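J.: What follows is target_4.txt; its format and atoms are compact mmCIF, C-alpha atoms.
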```
# COMPACT_ATOMS: atom_id res chain seq x y z
CA MET A 39 13.83 47.92 -97.20
CA SER A 40 10.49 47.44 -98.94
CA PRO A 41 7.37 46.09 -97.15
CA PRO A 42 6.95 42.30 -96.86
CA MET A 43 5.80 40.70 -100.13
CA ILE A 44 2.45 39.22 -99.15
CA GLU A 45 -1.04 39.35 -100.55
CA GLY A 46 -3.07 42.08 -98.92
CA PRO A 47 -2.02 44.49 -96.18
CA VAL A 48 0.62 43.67 -93.55
CA GLU A 49 -0.99 42.91 -90.17
CA ILE A 50 0.81 44.64 -87.33
CA GLY A 51 -0.02 43.71 -83.74
CA MET A 52 0.49 46.33 -81.04
CA SER A 53 0.89 46.16 -77.28
CA LEU A 54 1.83 48.75 -74.65
CA ASP A 55 3.39 48.84 -71.22
CA ILE A 56 2.77 52.11 -69.38
CA ALA A 57 5.88 52.35 -67.21
CA SER A 58 4.89 55.64 -65.56
CA ILE A 59 2.80 58.77 -65.89
CA ASP A 60 5.26 61.40 -64.76
CA ALA A 61 3.11 64.54 -64.89
CA ILE A 62 -0.47 65.64 -65.56
CA SER A 63 -0.90 69.34 -66.31
CA GLU A 64 -4.29 71.05 -66.10
CA ILE A 65 -2.74 74.29 -67.38
CA ASN A 66 -1.36 72.76 -70.60
CA MET A 67 -4.01 70.02 -70.72
CA ASP A 68 -1.57 67.21 -71.32
CA TYR A 69 0.18 64.34 -69.60
CA THR A 70 3.71 62.94 -69.81
CA ALA A 71 4.19 59.17 -69.84
CA THR A 72 6.97 56.64 -70.38
CA ILE A 73 5.80 53.87 -72.69
CA PHE A 74 7.12 50.54 -73.90
CA LEU A 75 5.70 50.15 -77.42
CA ARG A 76 5.84 46.66 -78.96
CA GLN A 77 4.98 45.87 -82.58
CA ARG A 78 4.78 42.46 -84.27
CA TRP A 79 4.44 41.53 -87.92
CA ARG A 80 5.50 38.72 -90.25
CA ASP A 81 8.06 39.09 -93.02
CA SER A 82 8.47 35.93 -95.12
CA ARG A 83 11.90 37.10 -96.29
CA LEU A 84 13.24 36.57 -92.77
CA VAL A 85 12.19 32.90 -92.39
CA PHE A 86 15.04 30.59 -91.31
CA PRO A 87 15.17 26.90 -90.28
CA GLY A 88 14.78 25.79 -86.67
CA ASN A 89 12.66 26.90 -83.73
CA GLU A 90 14.99 29.53 -82.32
CA SER A 91 14.70 33.31 -82.23
CA ILE A 92 17.46 35.81 -82.92
CA SER A 93 17.93 39.12 -81.10
CA VAL A 94 19.38 41.75 -83.43
CA ASP A 95 21.34 44.86 -82.47
CA GLY A 96 18.94 47.81 -82.49
CA ARG A 97 21.42 49.83 -84.54
CA LEU A 98 20.67 47.53 -87.50
CA VAL A 99 17.06 48.71 -87.67
CA SER A 100 17.78 50.59 -90.91
CA LEU A 101 18.39 47.24 -92.65
CA LEU A 102 14.86 45.97 -91.90
CA TRP A 103 11.43 47.07 -92.97
CA ILE A 104 9.57 48.57 -90.00
CA PRO A 105 6.14 50.23 -89.87
CA ASP A 106 6.06 54.03 -89.75
CA THR A 107 3.98 54.18 -86.57
CA PHE A 108 3.57 57.51 -84.79
CA HIS A 109 1.58 58.67 -81.77
CA ASP A 110 -0.31 61.92 -81.20
CA SER A 111 2.28 63.58 -78.96
CA LYS A 112 3.24 67.22 -78.57
CA ARG A 113 6.83 66.14 -78.07
CA SER A 114 8.62 62.88 -77.38
CA PHE A 115 12.00 61.23 -77.35
CA LEU A 116 13.49 57.77 -77.58
CA HIS A 117 15.63 56.81 -74.58
CA ASP A 118 19.28 56.34 -75.52
CA VAL A 119 21.15 55.44 -72.30
CA THR A 120 23.41 53.60 -72.65
CA VAL A 121 22.32 52.85 -76.21
CA GLU A 122 19.07 53.57 -78.03
CA ASN A 123 16.38 51.55 -76.27
CA ARG A 124 15.30 49.39 -79.19
CA LEU A 125 14.65 45.66 -79.27
CA ILE A 126 14.54 43.64 -82.48
CA ARG A 127 13.82 39.92 -82.25
CA ILE A 128 13.31 37.72 -85.31
CA PHE A 129 11.58 34.34 -85.00
CA SER A 130 12.11 31.37 -87.31
CA ASN A 131 8.70 31.78 -88.97
CA GLY A 132 9.60 35.33 -90.03
CA THR A 133 7.77 37.12 -87.20
CA VAL A 134 9.51 40.32 -86.13
CA LEU A 135 9.17 41.83 -82.66
CA TYR A 136 10.14 45.51 -82.55
CA ALA A 137 10.05 47.29 -79.17
CA LEU A 138 10.84 50.88 -78.15
CA ARG A 139 10.99 52.83 -74.88
CA ILE A 140 9.56 56.30 -75.39
CA THR A 141 8.71 59.26 -73.18
CA ALA A 142 5.98 61.43 -74.69
CA THR A 143 3.87 64.44 -73.75
CA ILE A 144 0.36 63.90 -75.10
CA ALA A 145 -2.62 66.25 -75.21
CA CYS A 146 -5.65 65.48 -73.05
CA ASN A 147 -8.71 67.71 -73.36
CA MET A 148 -10.02 68.20 -69.82
CA ASP A 149 -13.36 69.36 -68.46
CA LEU A 150 -12.59 71.15 -65.18
CA THR A 151 -16.10 72.37 -64.33
CA LYS A 152 -16.32 69.92 -61.39
CA TYR A 153 -12.75 70.48 -60.16
CA PRO A 154 -11.48 69.10 -57.78
CA MET A 155 -14.11 66.33 -57.92
CA ASP A 156 -13.66 65.78 -61.63
CA ARG A 157 -13.07 62.77 -63.85
CA GLN A 158 -10.93 63.06 -66.97
CA VAL A 159 -10.74 60.72 -69.96
CA CYS A 160 -7.43 60.79 -71.83
CA THR A 161 -6.32 58.91 -74.92
CA LEU A 162 -3.19 57.61 -76.60
CA GLN A 163 -3.48 57.19 -80.36
CA LEU A 164 -1.21 55.15 -82.64
CA GLU A 165 -1.37 55.73 -86.38
CA SER A 166 0.52 54.91 -89.56
CA TRP A 167 2.17 57.93 -91.14
CA GLY A 168 2.64 56.88 -94.77
CA TYR A 169 1.16 53.40 -95.22
CA ASN A 170 -2.61 53.46 -95.66
CA LEU A 171 -5.17 50.72 -95.02
CA GLN A 172 -4.27 49.03 -98.30
CA ASP A 173 -0.70 48.60 -97.05
CA VAL A 174 -0.94 47.88 -93.31
CA VAL A 175 -3.59 46.95 -90.74
CA PHE A 176 -3.16 47.66 -87.02
CA TYR A 177 -4.70 45.52 -84.29
CA TRP A 178 -4.30 45.06 -80.54
CA THR A 179 -2.60 41.71 -79.97
CA ARG A 180 -4.78 40.76 -76.95
CA GLY A 181 -7.57 43.33 -76.87
CA ASN A 182 -7.68 45.24 -73.58
CA ASP A 183 -5.00 42.91 -72.20
CA SER A 184 -2.58 44.42 -74.72
CA VAL A 185 -2.11 47.32 -72.28
CA LYS A 186 -0.17 46.70 -69.07
CA GLY A 187 0.88 48.92 -66.22
CA LEU A 188 -2.17 51.14 -65.74
CA ASP A 189 -3.55 48.90 -62.98
CA THR A 190 -0.44 49.34 -60.85
CA LEU A 191 0.21 53.07 -61.38
CA ARG A 192 0.35 55.21 -58.23
CA LEU A 193 -0.33 58.90 -58.87
CA ALA A 194 -0.39 61.73 -56.32
CA GLN A 195 -3.58 63.43 -57.47
CA TYR A 196 -5.32 60.78 -59.56
CA SER A 197 -6.26 57.14 -59.66
CA VAL A 198 -6.85 55.17 -62.86
CA GLU A 199 -10.55 54.31 -62.79
CA SER A 200 -10.82 52.26 -66.00
CA TYR A 201 -9.35 51.82 -69.46
CA HIS A 202 -10.17 50.14 -72.76
CA THR A 203 -8.81 49.88 -76.28
CA SER A 204 -10.43 50.48 -79.65
CA VAL A 205 -9.61 50.08 -83.33
CA SER A 206 -10.39 52.92 -85.70
CA GLU A 207 -9.19 54.61 -88.85
CA ALA A 208 -7.86 58.09 -89.54
CA VAL A 209 -9.25 59.83 -92.61
CA TYR A 210 -7.13 62.50 -94.26
CA GLU A 211 -7.00 64.10 -97.68
CA THR A 212 -4.37 61.54 -98.72
CA GLY A 213 -6.44 58.50 -97.75
CA LYS A 214 -7.50 56.28 -94.86
CA TYR A 215 -4.92 55.12 -92.34
CA PRO A 216 -5.06 52.56 -89.52
CA LYS A 217 -5.44 53.88 -85.97
CA LEU A 218 -5.44 52.29 -82.53
CA VAL A 219 -6.69 54.18 -79.49
CA LEU A 220 -6.16 53.60 -75.77
CA HIS A 221 -8.80 55.33 -73.59
CA PHE A 222 -8.23 55.64 -69.84
CA ALA A 223 -10.24 57.46 -67.18
CA LEU A 224 -8.58 59.36 -64.32
CA ARG A 225 -10.47 60.14 -61.13
CA ARG A 226 -9.01 62.95 -59.02
CA ASN A 227 -8.26 62.02 -55.42
CA VAL A 228 -10.38 64.40 -53.33
CA LEU A 229 -8.49 63.47 -50.14
CA PHE A 230 -5.34 65.02 -51.60
CA PHE A 231 -7.08 68.41 -51.93
CA ILE A 232 -8.78 68.14 -48.55
CA LEU A 233 -5.38 67.75 -46.90
CA GLU A 234 -3.48 70.17 -49.13
CA THR A 235 -6.06 72.96 -49.61
CA TYR A 236 -9.23 72.75 -47.54
CA VAL A 237 -7.73 71.85 -44.14
CA PRO A 238 -5.02 74.60 -44.19
CA SER A 239 -7.57 77.18 -45.41
CA THR A 240 -10.04 76.21 -42.69
CA LEU A 241 -7.37 76.44 -40.00
CA LEU A 242 -6.36 79.92 -41.18
CA VAL A 243 -9.97 81.13 -41.02
CA VAL A 244 -10.47 79.66 -37.54
CA LEU A 245 -7.22 81.23 -36.37
CA SER A 246 -8.41 84.64 -37.58
CA TRP A 247 -11.46 84.33 -35.29
CA VAL A 248 -9.27 84.01 -32.19
CA SER A 249 -8.78 87.79 -32.12
CA PHE A 250 -12.49 88.25 -31.38
CA TRP A 251 -12.13 86.23 -28.15
CA ILE A 252 -9.32 88.39 -26.79
CA SER A 253 -10.17 91.29 -24.49
CA GLN A 254 -10.48 94.67 -26.20
CA SER A 255 -7.93 96.09 -23.79
CA SER A 256 -5.25 93.66 -25.05
CA VAL A 257 -4.42 95.64 -28.15
CA PRO A 258 -0.91 94.16 -28.76
CA ALA A 259 -2.26 90.60 -28.61
CA ARG A 260 -5.15 91.38 -31.00
CA THR A 261 -2.72 93.04 -33.38
CA CYS A 262 -0.31 90.07 -33.42
CA ILE A 263 -3.10 87.57 -34.08
CA GLY A 264 -4.42 89.74 -36.92
```
Write out the structure in this file as structure tokens.
T.:
Amino acid sequence: MSPPMIEGPVEIGMSLDIASIDAISEINMDYTATIFLRQRWRDSRLVFPGNESISVDGRLVSLLWIPDTFHDSKRSFLHDVTVENRLIRIFSNGTVLYALRITATIACNMDLTKYPMDRQVCTLQLESWGYNLQDVVFYWTRGNDSVKGLDTLRLAQYSVESYHTSVSEAVYETGKYPKLVLHFALRRNVLFFILETYVPSTLLVVLSWVSFWISQSSVPARTCIG
């Protein structure tokens, strides 16, 4: 289906729910997250009388025009149990709500010079693949409030210190494309490493000193402690 017939680019509002951050890897410098991505736009061809909204089977998505949004992931998949996790809702004024549940592994360049007392800033970028700025415009529906879930995340090694959204554009050889960016800062929990690394290491060192307090004539005891 062709894009909506309107003057100027199609305005597409975005919002995110971060359901979970399942893993953060310092070795691969990436994180894995489950995301609810919601997109809204208006298509005048879908206007119908009344004040109701219609929920459409997600398998009919091929019959509608949808934006070709992608995110900067290394790998990702759309959940499909028990069916593909898509939501399509059409409102009487022609507004379309299109929602997806995705799990993605996304790169995060980390500076580990202050490990384990470090602070990392990761991003999630949403771009248009084929439609440039003359065709579509991306915007956050409610600014920073467009992102939910980061405030309530509980991670073993990190805590979410802050986050904010920004609107940008991606420039490639083929043109300029809309881009939205979510920035969030992760502060490593030092207490986790004190309990998991420093305390056991300190106890092992102290235990090794016990052999110096044992009489020199007690060779078997000194040997066992060593």
J.: Contacts between range 215-224 of chain A and range 149-211 of chain A, please, where a residue of range 149-211 of chain A counts if it comes within 10 Å (with all atoms listed in the file); show its shortest atom pair and distance in Å to one decimal, rows by chain and ascending number, as CSV.
T.:
```
residue,atom,partner,partner_atom,distance
A:Asp156,CA,A:Leu224,CA,8.6
A:Arg157,CA,A:Leu224,CA,5.7
A:Gln158,CA,A:Leu224,CA,5.1
A:Val159,CA,A:Ala223,CA,4.3
A:Cys160,CA,A:Phe222,CA,5.6
A:Thr161,CA,A:His221,CA,4.6
A:Leu162,CA,A:Leu220,CA,5.1
A:Gln163,CA,A:Val219,CA,4.5
A:Leu164,CA,A:Leu218,CA,5.1
A:Glu165,CA,A:Lys217,CA,4.5
A:Ser166,CA,A:Pro216,CA,6.1
A:Trp167,CA,A:Tyr215,CA,7.7
A:Gly168,CA,A:Tyr215,CA,8.1
A:Tyr169,CA,A:Tyr215,CA,6.9
A:Asn170,CA,A:Tyr215,CA,4.4
A:Leu171,CA,A:Tyr215,CA,5.2
A:Gln172,CA,A:Tyr215,CA,8.5
A:Asp173,CA,A:Tyr215,CA,9.1
A:Val174,CA,A:Pro216,CA,7.3
A:Val175,CA,A:Pro216,CA,5.9
A:Phe176,CA,A:Pro216,CA,5.8
A:Tyr177,CA,A:Leu218,CA,7.0
A:Trp178,CA,A:Leu218,CA,7.6
A:Asn182,CA,A:Leu220,CA,8.8
A:Ser184,CA,A:Leu220,CA,9.9
A:Val185,CA,A:Leu220,CA,8.2
A:Leu188,CA,A:Phe222,CA,8.6
A:Leu193,CA,A:Leu224,CA,9.9
A:Gln195,CA,A:Leu224,CA,9.4
A:Tyr196,CA,A:Leu224,CA,5.9
A:Ser197,CA,A:Leu224,CA,5.7
A:Val198,CA,A:Leu224,CA,4.8
A:Glu199,CA,A:Ala223,CA,5.4
A:Ser200,CA,A:Ala223,CA,5.4
A:Tyr201,CA,A:Phe222,CA,4.0
A:His202,CA,A:His221,CA,5.4
A:Thr203,CA,A:Leu220,CA,4.6
A:Ser204,CA,A:Val219,CA,5.3
A:Val205,CA,A:Leu218,CA,4.8
A:Ser206,CA,A:Lys217,CA,5.0
A:Glu207,CA,A:Pro216,CA,4.7
A:Ala208,CA,A:Tyr215,CA,5.0
A:Val209,CA,A:Tyr215,CA,6.4
A:Tyr210,CA,A:Tyr215,CA,7.9
```
J.: Using all atoms listed in the file, pick whichever of A:Ile65, A:Leu125, A:Ile50, A:Val228 has the shortest atom-to-atom distance to Cys146 in chain A.
T.: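 When distances to Cys146 in chain A are compared using all atoms listed in the file, the smallest one comes from A:Ile65.
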J.: I'd like the neighbourhood of Pro87 in chain A as an mmCIF file with C-alpha atoms, in the frame of the given file, where a residue qualifies if any of its atoms comes within 12 Å (using only C-alpha atoms), though same-chain residues fewer than 3 positions away should be ignored.
T.:
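Result file result.cif:
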```
data_model
loop_
_atom_site.group_PDB
_atom_site.id
_atom_site.type_symbol
_atom_site.label_atom_id
_atom_site.label_comp_id
_atom_site.auth_asym_id
_atom_site.auth_seq_id
_atom_site.Cartn_x
_atom_site.Cartn_y
_atom_site.Cartn_z
ATOM 1 C CA LEU A 84 13.240 36.570 -92.770
ATOM 2 C CA GLU A 90 14.990 29.530 -82.320
ATOM 3 C CA SER A 91 14.700 33.310 -82.230
ATOM 4 C CA ILE A 92 17.460 35.810 -82.920
ATOM 5 C CA PHE A 129 11.580 34.340 -85.000
ATOM 6 C CA SER A 130 12.110 31.370 -87.310
ATOM 7 C CA ASN A 131 8.700 31.780 -88.970
ATOM 8 C CA GLY A 132 9.600 35.330 -90.030
#
```
J.: Go ahead and compute the interatomic distance for CA of Lys152 in chain A and CA of Ile56 in chain A, in Å to one decimal.
T.: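 Going from CA of Lys152 in chain A over to CA of Ile56 in chain A covers 27.3 Å.
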J.: Could you tell me how far CA of Tyr236 in chain A sits from CA of Ile252 in chain A, in Å to one decimal place?
T.: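 Going from CA of Ile252 in chain A over to CA of Tyr236 in chain A, I get 26.0 Å.
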J.: Between A:Ser249, A:Ser53, A:Asn123, A:Gln77, which is the closest to Asp183 in chain A once you count all atoms listed in the file?
T.: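 Of the candidates, the smallest distance to Asp183 in chain A is held by A:Ser53.
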J.: May I ask which of the residues A:Ala194, A:Ile73, A:Leu54, A:Ile128 is the closest one to Asn227 in chain A, counting all atoms listed in the file?
T.: A:Ala194
